[in-house]
Amino acid sequence: MRGKRDQVKGAIKEKVGKVTGDRSTEVSGKLDQVKGKLETKIGDAKDAIRREDDR
């Protein structure tokens with residue numbers, strides 16, 4: 001859940017940065033999106049491990 005939130009937040013920051021011409025905000029938004037994707041992948045991996053342990 002947190003990963004998706006960071007992805008959305010990052011996309012918004014990136015767009016705001018593009019519109020305002022603020023390169024720092026744009027890059028920060030892209031980094032937030034990458035962070036969110038990593039968090040989502042880690043969460044998926046943890047869920048898969050838990051499912052295997054339940055078997």
# chains A, B, ... in the order shown; residues from 1 in each chain; ligands from 1
>>> residues_around(residues="range 25-38 of chain A", least_positions_apart="4", cutoff="10 Å", atoms="only C-alpha atoms", output="number ranges by chain")
A: 1-21, 42-44
>>> write_last_selection(atoms="N, CA and C atoms", output="short mmCIF file (atom, residue, chain, number, x, y, z; two decimals), in the first residue's frame")
data_model
loop_
_atom_site.label_atom_id
_atom_site.label_comp_id
_atom_site.auth_asym_id
_atom_site.auth_seq_id
_atom_site.Cartn_x
_atom_site.Cartn_y
_atom_site.Cartn_z
N MET A 1 0.83 -1.19 0.00
CA MET A 1 0.00 0.00 0.00
C MET A 1 0.87 1.26 0.00
N ARG A 2 1.91 1.25 0.83
CA ARG A 2 2.78 2.41 0.91
C ARG A 2 3.50 2.65 -0.43
N GLY A 3 3.83 1.54 -1.11
CA GLY A 3 4.51 1.67 -2.39
C GLY A 3 3.65 2.37 -3.42
N LYS A 4 2.39 2.02 -3.47
CA LYS A 4 1.47 2.67 -4.42
C LYS A 4 1.31 4.14 -4.10
N ARG A 5 1.24 4.44 -2.80
CA ARG A 5 1.10 5.85 -2.37
C ARG A 5 2.30 6.67 -2.83
N ASP A 6 3.50 6.10 -2.65
CA ASP A 6 4.71 6.82 -3.07
C ASP A 6 4.76 7.00 -4.59
N GLN A 7 4.26 6.01 -5.32
CA GLN A 7 4.24 6.13 -6.77
C GLN A 7 3.32 7.27 -7.21
N VAL A 8 2.15 7.35 -6.60
CA VAL A 8 1.20 8.42 -6.95
C VAL A 8 1.76 9.77 -6.55
N LYS A 9 2.30 9.85 -5.33
CA LYS A 9 2.89 11.10 -4.85
C LYS A 9 4.02 11.55 -5.78
N GLY A 10 4.84 10.59 -6.20
CA GLY A 10 5.95 10.91 -7.10
C GLY A 10 5.48 11.41 -8.45
N ALA A 11 4.43 10.79 -8.97
CA ALA A 11 3.91 11.22 -10.27
C ALA A 11 3.39 12.65 -10.19
N ILE A 12 2.72 12.97 -9.09
CA ILE A 12 2.20 14.33 -8.91
C ILE A 12 3.36 15.32 -8.81
N LYS A 13 4.36 14.99 -7.98
CA LYS A 13 5.52 15.88 -7.83
C LYS A 13 6.23 16.09 -9.17
N GLU A 14 6.36 15.02 -9.93
CA GLU A 14 7.04 15.13 -11.23
C GLU A 14 6.28 16.09 -12.14
N LYS A 15 4.96 15.94 -12.20
CA LYS A 15 4.16 16.82 -13.06
C LYS A 15 4.22 18.28 -12.59
N VAL A 16 4.16 18.49 -11.28
CA VAL A 16 4.26 19.85 -10.74
C VAL A 16 5.62 20.44 -11.10
N GLY A 17 6.66 19.63 -10.97
CA GLY A 17 8.00 20.10 -11.32
C GLY A 17 8.11 20.49 -12.78
N LYS A 18 7.49 19.68 -13.66
CA LYS A 18 7.52 20.00 -15.09
C LYS A 18 6.77 21.30 -15.38
N VAL A 19 5.59 21.44 -14.77
CA VAL A 19 4.76 22.62 -15.02
C VAL A 19 5.44 23.89 -14.52
N THR A 20 6.05 23.81 -13.34
CA THR A 20 6.66 24.99 -12.75
C THR A 20 8.10 25.22 -13.21
N GLY A 21 8.65 24.23 -13.90
CA GLY A 21 10.03 24.36 -14.36
C GLY A 21 11.04 24.09 -13.24
N ILE A 42 9.10 -5.43 -3.03
CA ILE A 42 9.53 -6.07 -1.78
C ILE A 42 8.32 -6.65 -1.06
N GLY A 43 7.24 -5.91 -1.02
CA GLY A 43 6.01 -6.39 -0.39
C GLY A 43 5.48 -7.63 -1.08
N ASP A 44 5.52 -7.65 -2.41
CA ASP A 44 5.06 -8.82 -3.16
C ASP A 44 5.93 -10.04 -2.84
#
